[in-house]
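This is start_7.cif (mmCIF, C-alpha atoms).
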```
data_final
loop_
_atom_site.group_PDB
_atom_site.id
_atom_site.type_symbol
_atom_site.label_atom_id
_atom_site.label_comp_id
_atom_site.auth_asym_id
_atom_site.auth_seq_id
_atom_site.Cartn_x
_atom_site.Cartn_y
_atom_site.Cartn_z
ATOM 1 C CA MET W 1208 -6.125 8.893 -10.590
ATOM 2 C CA GLU W 1209 -3.277 7.873 -12.857
ATOM 3 C CA PHE W 1210 -1.092 4.791 -13.117
ATOM 4 C CA LYS W 1211 2.495 4.425 -14.209
ATOM 5 C CA LYS W 1212 3.567 0.871 -14.928
ATOM 6 C CA VAL W 1213 7.122 -0.201 -14.100
ATOM 7 C CA ASP W 1214 8.548 -3.583 -15.142
ATOM 8 C CA THR W 1215 11.270 -5.182 -13.017
ATOM 9 C CA ALA W 1216 12.627 -8.726 -13.116
ATOM 10 C CA GLY W 1217 9.521 -10.087 -14.793
ATOM 11 C CA GLU W 1218 7.101 -8.323 -12.449
ATOM 12 C CA SER W 1219 4.932 -5.338 -13.281
ATOM 13 C CA ILE W 1220 4.254 -2.722 -10.626
ATOM 14 C CA ALA W 1221 1.618 0.014 -10.798
ATOM 15 C CA ILE W 1222 2.569 3.350 -9.268
ATOM 16 C CA VAL W 1223 -0.582 5.260 -8.365
ATOM 17 C CA SER W 1224 -0.723 9.040 -8.437
ATOM 18 C CA SER W 1225 -3.615 11.344 -7.710
ATOM 19 C CA THR W 1226 -4.439 14.808 -6.463
ATOM 20 C CA GLU W 1227 -7.070 13.358 -4.100
ATOM 21 C CA ILE W 1228 -7.218 10.715 -1.392
ATOM 22 C CA VAL W 1229 -7.542 7.332 -3.095
ATOM 23 C CA ILE W 1230 -8.194 5.129 -0.054
ATOM 24 C CA SER W 1231 -10.667 6.488 2.475
ATOM 25 C CA ASP W 1232 -12.435 3.256 3.474
ATOM 26 C CA VAL W 1233 -12.593 -0.467 2.692
ATOM 27 C CA GLN W 1234 -14.722 0.023 -0.432
ATOM 28 C CA SER W 1235 -12.335 2.557 -1.934
ATOM 29 C CA ALA W 1236 -9.465 0.094 -1.344
ATOM 30 C CA LEU W 1237 -11.413 -2.613 -3.175
ATOM 31 C CA ASP W 1238 -12.128 -0.149 -5.978
ATOM 32 C CA LEU W 1239 -8.412 0.661 -6.219
ATOM 33 C CA ILE W 1240 -7.464 -3.024 -6.405
ATOM 34 C CA ALA W 1241 -10.026 -3.671 -9.156
ATOM 35 C CA THR W 1242 -9.129 -0.543 -11.142
ATOM 36 C CA VAL W 1243 -5.380 -1.187 -11.014
ATOM 37 C CA GLN W 1244 -5.806 -4.815 -12.059
ATOM 38 C CA TYR W 1245 -8.209 -3.887 -14.873
ATOM 39 C CA GLU W 1246 -6.218 -0.960 -16.249
ATOM 40 C CA THR W 1247 -2.659 -2.244 -15.781
ATOM 41 C CA GLY W 1248 -2.867 -5.980 -15.144
ATOM 42 C CA CYS W 1249 -0.629 -5.458 -12.102
ATOM 43 C CA ASN W 1250 -1.013 -7.138 -8.736
ATOM 44 C CA ARG W 1251 1.697 -5.000 -7.133
ATOM 45 C CA ILE W 1252 0.945 -1.400 -6.195
ATOM 46 C CA ILE W 1253 2.963 1.545 -4.934
ATOM 47 C CA LEU W 1254 0.939 4.254 -3.226
ATOM 48 C CA ASP W 1255 2.097 7.427 -1.499
ATOM 49 C CA LYS W 1256 0.807 7.700 2.072
ATOM 50 C CA SER W 1257 -0.725 11.088 1.211
ATOM 51 C CA LEU W 1258 -3.269 9.192 -0.916
ATOM 52 C CA ILE W 1259 -4.594 7.359 2.160
ATOM 53 C CA THR W 1260 -6.912 8.870 4.748
ATOM 54 C CA GLU W 1261 -5.111 9.842 7.971
ATOM 55 C CA SER W 1262 -7.481 7.680 10.035
ATOM 56 C CA PHE W 1263 -5.775 4.660 8.422
ATOM 57 C CA PHE W 1264 -2.690 5.450 10.529
ATOM 58 C CA ASP W 1265 -4.705 5.516 13.776
ATOM 59 C CA LEU W 1266 -4.853 1.804 14.554
ATOM 60 C CA LYS W 1267 -7.741 2.314 16.983
ATOM 61 C CA THR W 1268 -10.015 2.871 13.974
ATOM 62 C CA ARG W 1269 -9.188 -0.680 12.748
ATOM 63 C CA LEU W 1270 -9.206 0.755 9.222
ATOM 64 C CA ALA W 1271 -5.619 -0.270 8.421
ATOM 65 C CA GLY W 1272 -6.268 -3.893 9.315
ATOM 66 C CA GLU W 1273 -9.534 -4.064 7.392
ATOM 67 C CA ILE W 1274 -8.077 -2.420 4.297
ATOM 68 C CA LEU W 1275 -4.811 -4.337 4.221
ATOM 69 C CA GLN W 1276 -6.664 -7.620 4.695
ATOM 70 C CA LYS W 1277 -8.388 -6.938 1.356
ATOM 71 C CA PHE W 1278 -5.018 -6.632 -0.369
ATOM 72 C CA ILE W 1279 -3.970 -9.978 1.111
ATOM 73 C CA ASN W 1280 -7.296 -11.631 0.209
ATOM 74 C CA TYR W 1281 -6.965 -10.507 -3.417
ATOM 75 C CA HIS W 1282 -3.245 -11.438 -3.608
ATOM 76 C CA VAL W 1283 -2.145 -7.865 -4.218
ATOM 77 C CA LYS W 1284 1.147 -6.714 -2.756
ATOM 78 C CA ILE W 1285 1.358 -3.048 -1.775
ATOM 79 C CA ALA W 1286 4.099 -0.651 -0.789
ATOM 80 C CA ILE W 1287 3.018 2.541 0.923
ATOM 81 C CA ILE W 1288 5.711 5.184 0.622
ATOM 82 C CA GLY W 1289 6.411 8.261 2.682
ATOM 83 C CA ASP W 1290 7.792 9.545 5.961
ATOM 84 C CA PHE W 1291 6.304 7.507 8.791
ATOM 85 C CA SER W 1292 8.495 9.076 11.485
ATOM 86 C CA VAL W 1293 5.781 11.709 12.001
ATOM 87 C CA TYR W 1294 3.690 9.096 13.829
ATOM 88 C CA THR W 1295 4.477 8.600 17.498
ATOM 89 C CA SER W 1296 2.223 5.608 18.204
ATOM 90 C CA LYS W 1297 4.247 2.603 19.379
ATOM 91 C CA SER W 1298 1.559 0.224 18.119
ATOM 92 C CA LEU W 1299 1.718 1.790 14.638
ATOM 93 C CA LYS W 1300 5.520 1.555 14.617
ATOM 94 C CA ASP W 1301 5.231 -2.123 15.612
ATOM 95 C CA PHE W 1302 2.601 -2.659 12.902
ATOM 96 C CA ILE W 1303 4.892 -1.097 10.279
ATOM 97 C CA TYR W 1304 7.849 -3.165 11.495
ATOM 98 C CA GLU W 1305 5.863 -6.417 11.307
ATOM 99 C CA SER W 1306 4.457 -5.532 7.874
ATOM 100 C CA ASN W 1307 7.929 -4.792 6.527
ATOM 101 C CA ASN W 1308 9.089 -8.218 7.674
ATOM 102 C CA GLY W 1309 6.262 -9.953 5.825
ATOM 103 C CA LYS W 1310 5.761 -10.572 2.128
ATOM 104 C CA ASP W 1311 2.654 -8.589 1.165
ATOM 105 C CA ILE W 1312 2.593 -5.099 2.708
ATOM 106 C CA PHE W 1313 5.449 -2.645 3.065
ATOM 107 C CA PHE W 1314 5.907 0.851 4.456
ATOM 108 C CA LEU W 1315 8.975 2.352 2.807
ATOM 109 C CA PRO W 1316 10.502 5.826 2.550
ATOM 110 C CA THR W 1317 10.983 6.052 -1.242
ATOM 111 C CA LYS W 1318 9.490 4.933 -4.520
ATOM 112 C CA GLU W 1319 12.858 3.439 -5.535
ATOM 113 C CA GLN W 1320 12.979 1.252 -2.423
ATOM 114 C CA ALA W 1321 9.383 0.194 -3.058
ATOM 115 C CA ILE W 1322 10.153 -0.795 -6.649
ATOM 116 C CA ASP W 1323 13.188 -2.794 -5.482
ATOM 117 C CA LYS W 1324 11.210 -4.535 -2.726
ATOM 118 C CA LEU W 1325 8.157 -5.404 -4.821
ATOM 119 C CA GLY W 1326 10.348 -6.447 -7.741
ATOM 120 C CA MET W 1327 12.275 -8.975 -5.626
ATOM 121 C CA LEU W 1328 9.254 -10.780 -4.206
ATOM 122 C CA PRO W 1329 8.231 -14.184 -5.575
#
```
What's the structure tokens form of this structure?
Amino acid sequence: MEFKKVDTAGESIAIVSSTEIVISDVQSALDLIATVQYETGCNRIILDKSLITESFFDLKTRLAGEILQKFINYHVKIAIIGDFSVYTSKSLKDFIYESNNGKDIFFLPTKEQAIDKLGMLP
């Protein structure tokens, strides 16, 4: 796992890259939060959706809610980037829509949009 740090408007954002899945369960999400904060000092993270287990995107598993709650609890904002049109679940589309209208969790198509979004937040 590697981190690239981007500074925008006074905020630092960690962009995570890896050749393996980084988030597979709640503990691995907590490990990611701790590692990013320790190694970069950032509390804003950009993560490609390919680095998250597919079961995250099946809301019936409750994994997405449990994992994203940890980010909120630890005051870490996250943007998950990728093509979400491949998912047909109405509940997942609603979940993504609601997340994108909040202030902590975002599902966006590109890294550039994620940097802009996370950089604008208070």
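Between atom CA of W:Ala1321 and atom CA of W:Ile1253 the separation is 6.8 Å.
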Suppose you want the space between atom CA of W:Tyr1304 and atom CA of W:Phe1291; what is it in Å? 11.1 Å
Determine the nearest neighbour of W:Leu1325 from the options W:Ser1225, W:Asn1307, W:Thr1260, W:Ser1231, counting only C-alpha atoms.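 Closest to W:Leu1325, using only C-alpha atoms: W:Asn1307.
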12 Å contact set for W:Phe1313, only C-alpha atoms, chain neighbours under 2 positions out, as a PyMOL selection string: chain W and resi 1251-1256+1275+1278+1283-1289+1291+1302-1311+1315-1318+1320-1325+1328
Rank W:Ser1262, W:Thr1242, W:Ser1219, W:Ser1224 by their smallest atom-to-atom distance to W:Leu1299, using all atoms listed in the file, and report the top residue only. W:Ser1262
Set the distance at 9 Å and use only C-alpha atoms: which residues neighbour W:Phe1264 once local chain neighbours fewer than 6 positions away are removed? I'd like the list as a count of residues only. 4
Identify the residues around (-4.2, -4.1, -12.3) within a radius of 12 Å, measuring from only C-alpha atoms in the coordinates stated by the file, and give them as a ChimeraX atom specification. /W:1210-1212,1219-1223,1237-1253,1281-1285
Taking (-13.2, 13.8, -9.3) in the coordinates of the supplied file, I want to know which residues reach to within 10 Å of it, counting all atoms listed in the file; could you give the answer as a ChimeraX atom specification? /W:1208,1226-1227
Among the residues W:Ala1216, W:Phe1314, W:Val1233, W:Glu1209, the one that comes closest to W:Arg1269 [using all atoms listed in the file]: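 Smallest separation from W:Arg1269 among the options: W:Val1233.
If you look at atom CA of W:Asp1290 and atom CA of W:Phe1263, they are 14.6 Å away from each other.
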Could you write out as AutoDock Vina command-line options the box around stretch 1305-1313 of chain W (axis-aligned, all atoms listed in the file, 3 Å on each side), with centre and edge lengths in Å to one decimal?
```
--center_x 5.8 --center_y -6.6 --center_z 6.2 --size_x 12.5 --size_y 13.9 --size_z 16.1
```
Give me, as a PyMOL selection string, all polymer residues having an atom no more than 8 Å from W:Ile1228, counting only C-alpha atoms and skipping those fewer than 5 positions away in the same chain. chain W and resi 1257-1260
Kindly indicate which residue among W:Glu1319, W:Ile1274, W:Leu1266, W:Lys1297 lies nearest to W:Val1213, using only C-alpha atoms for the distances.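 For W:Val1213, the nearest of the candidates is W:Glu1319.
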For stretch 1219-1235 of chain W, where the input has fewer atoms than it should, I would like N, CA, C and O atoms rebuilt and written as a PDB file, keeping the file's coordinate frame.
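This is the output file result-v9.pdb:
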```
ATOM      1  N   SER W1219       5.424  -6.675 -12.981  1.00  0.00           N
ATOM      2  CA  SER W1219       4.932  -5.338 -13.281  1.00  0.00           C
ATOM      3  C   SER W1219       4.363  -4.710 -12.014  1.00  0.00           C
ATOM      4  O   SER W1219       3.665  -5.379 -11.254  1.00  0.00           O
ATOM      5  N   ILE W1220       4.689  -3.457 -11.818  1.00  0.00           N
ATOM      6  CA  ILE W1220       4.254  -2.722 -10.626  1.00  0.00           C
ATOM      7  C   ILE W1220       3.526  -1.462 -11.085  1.00  0.00           C
ATOM      8  O   ILE W1220       4.015  -0.747 -11.966  1.00  0.00           O
ATOM      9  N   ALA W1221       2.369  -1.205 -10.487  1.00  0.00           N
ATOM     10  CA  ALA W1221       1.618   0.014 -10.798  1.00  0.00           C
ATOM     11  C   ALA W1221       1.914   1.062  -9.733  1.00  0.00           C
ATOM     12  O   ALA W1221       1.757   0.803  -8.543  1.00  0.00           O
ATOM     13  N   ILE W1222       2.351   2.226 -10.177  1.00  0.00           N
ATOM     14  CA  ILE W1222       2.569   3.350  -9.268  1.00  0.00           C
ATOM     15  C   ILE W1222       1.367   4.276  -9.432  1.00  0.00           C
ATOM     16  O   ILE W1222       1.092   4.765 -10.525  1.00  0.00           O
ATOM     17  N   VAL W1223       0.652   4.473  -8.334  1.00  0.00           N
ATOM     18  CA  VAL W1223      -0.582   5.260  -8.365  1.00  0.00           C
ATOM     19  C   VAL W1223      -0.276   6.707  -8.008  1.00  0.00           C
ATOM     20  O   VAL W1223       0.453   6.970  -7.046  1.00  0.00           O
ATOM     21  N   SER W1224      -0.833   7.622  -8.784  1.00  0.00           N
ATOM     22  CA  SER W1224      -0.723   9.040  -8.437  1.00  0.00           C
ATOM     23  C   SER W1224      -2.103   9.672  -8.554  1.00  0.00           C
ATOM     24  O   SER W1224      -2.938   9.239  -9.342  1.00  0.00           O
ATOM     25  N   SER W1225      -2.327  10.669  -7.730  1.00  0.00           N
ATOM     26  CA  SER W1225      -3.615  11.344  -7.710  1.00  0.00           C
ATOM     27  C   SER W1225      -3.473  12.660  -6.961  1.00  0.00           C
ATOM     28  O   SER W1225      -2.546  12.835  -6.170  1.00  0.00           O
ATOM     29  N   THR W1226      -4.409  13.553  -7.204  1.00  0.00           N
ATOM     30  CA  THR W1226      -4.439  14.808  -6.463  1.00  0.00           C
ATOM     31  C   THR W1226      -5.409  14.704  -5.286  1.00  0.00           C
ATOM     32  O   THR W1226      -5.542  15.638  -4.510  1.00  0.00           O
ATOM     33  N   GLU W1227      -6.084  13.571  -5.175  1.00  0.00           N
ATOM     34  CA  GLU W1227      -7.070  13.358  -4.100  1.00  0.00           C
ATOM     35  C   GLU W1227      -6.730  12.097  -3.328  1.00  0.00           C
ATOM     36  O   GLU W1227      -5.963  11.260  -3.788  1.00  0.00           O
ATOM     37  N   ILE W1228      -7.361  11.942  -2.174  1.00  0.00           N
ATOM     38  CA  ILE W1228      -7.218  10.715  -1.392  1.00  0.00           C
ATOM     39  C   ILE W1228      -7.845   9.573  -2.177  1.00  0.00           C
ATOM     40  O   ILE W1228      -8.963   9.679  -2.674  1.00  0.00           O
ATOM     41  N   VAL W1229      -7.100   8.484  -2.313  1.00  0.00           N
ATOM     42  CA  VAL W1229      -7.542   7.332  -3.095  1.00  0.00           C
ATOM     43  C   VAL W1229      -8.186   6.270  -2.199  1.00  0.00           C
ATOM     44  O   VAL W1229      -9.141   5.620  -2.590  1.00  0.00           O
ATOM     45  N   ILE W1230      -7.633   6.107  -0.990  1.00  0.00           N
ATOM     46  CA  ILE W1230      -8.194   5.129  -0.054  1.00  0.00           C
ATOM     47  C   ILE W1230      -8.720   5.862   1.168  1.00  0.00           C
ATOM     48  O   ILE W1230      -7.955   6.425   1.948  1.00  0.00           O
ATOM     49  N   SER W1231     -10.042   5.848   1.313  1.00  0.00           N
ATOM     50  CA  SER W1231     -10.667   6.488   2.475  1.00  0.00           C
ATOM     51  C   SER W1231     -11.429   5.484   3.325  1.00  0.00           C
ATOM     52  O   SER W1231     -11.767   5.767   4.468  1.00  0.00           O
ATOM     53  N   ASP W1232     -11.713   4.306   2.754  1.00  0.00           N
ATOM     54  CA  ASP W1232     -12.435   3.256   3.474  1.00  0.00           C
ATOM     55  C   ASP W1232     -12.191   1.925   2.758  1.00  0.00           C
ATOM     56  O   ASP W1232     -11.453   1.876   1.770  1.00  0.00           O
ATOM     57  N   VAL W1233     -12.800   0.870   3.255  1.00  0.00           N
ATOM     58  CA  VAL W1233     -12.593  -0.467   2.692  1.00  0.00           C
ATOM     59  C   VAL W1233     -13.060  -0.523   1.239  1.00  0.00           C
ATOM     60  O   VAL W1233     -12.366  -1.076   0.371  1.00  0.00           O
ATOM     61  N   GLN W1234     -14.203   0.073   0.944  1.00  0.00           N
ATOM     62  CA  GLN W1234     -14.722   0.023  -0.432  1.00  0.00           C
ATOM     63  C   GLN W1234     -13.796   0.726  -1.418  1.00  0.00           C
ATOM     64  O   GLN W1234     -13.573   0.238  -2.515  1.00  0.00           O
ATOM     65  N   SER W1235     -13.237   1.851  -1.016  1.00  0.00           N
ATOM     66  CA  SER W1235     -12.335   2.557  -1.934  1.00  0.00           C
ATOM     67  C   SER W1235     -11.052   1.753  -2.165  1.00  0.00           C
ATOM     68  O   SER W1235     -10.461   1.804  -3.243  1.00  0.00           O
TER      69      SER W1235
END
```
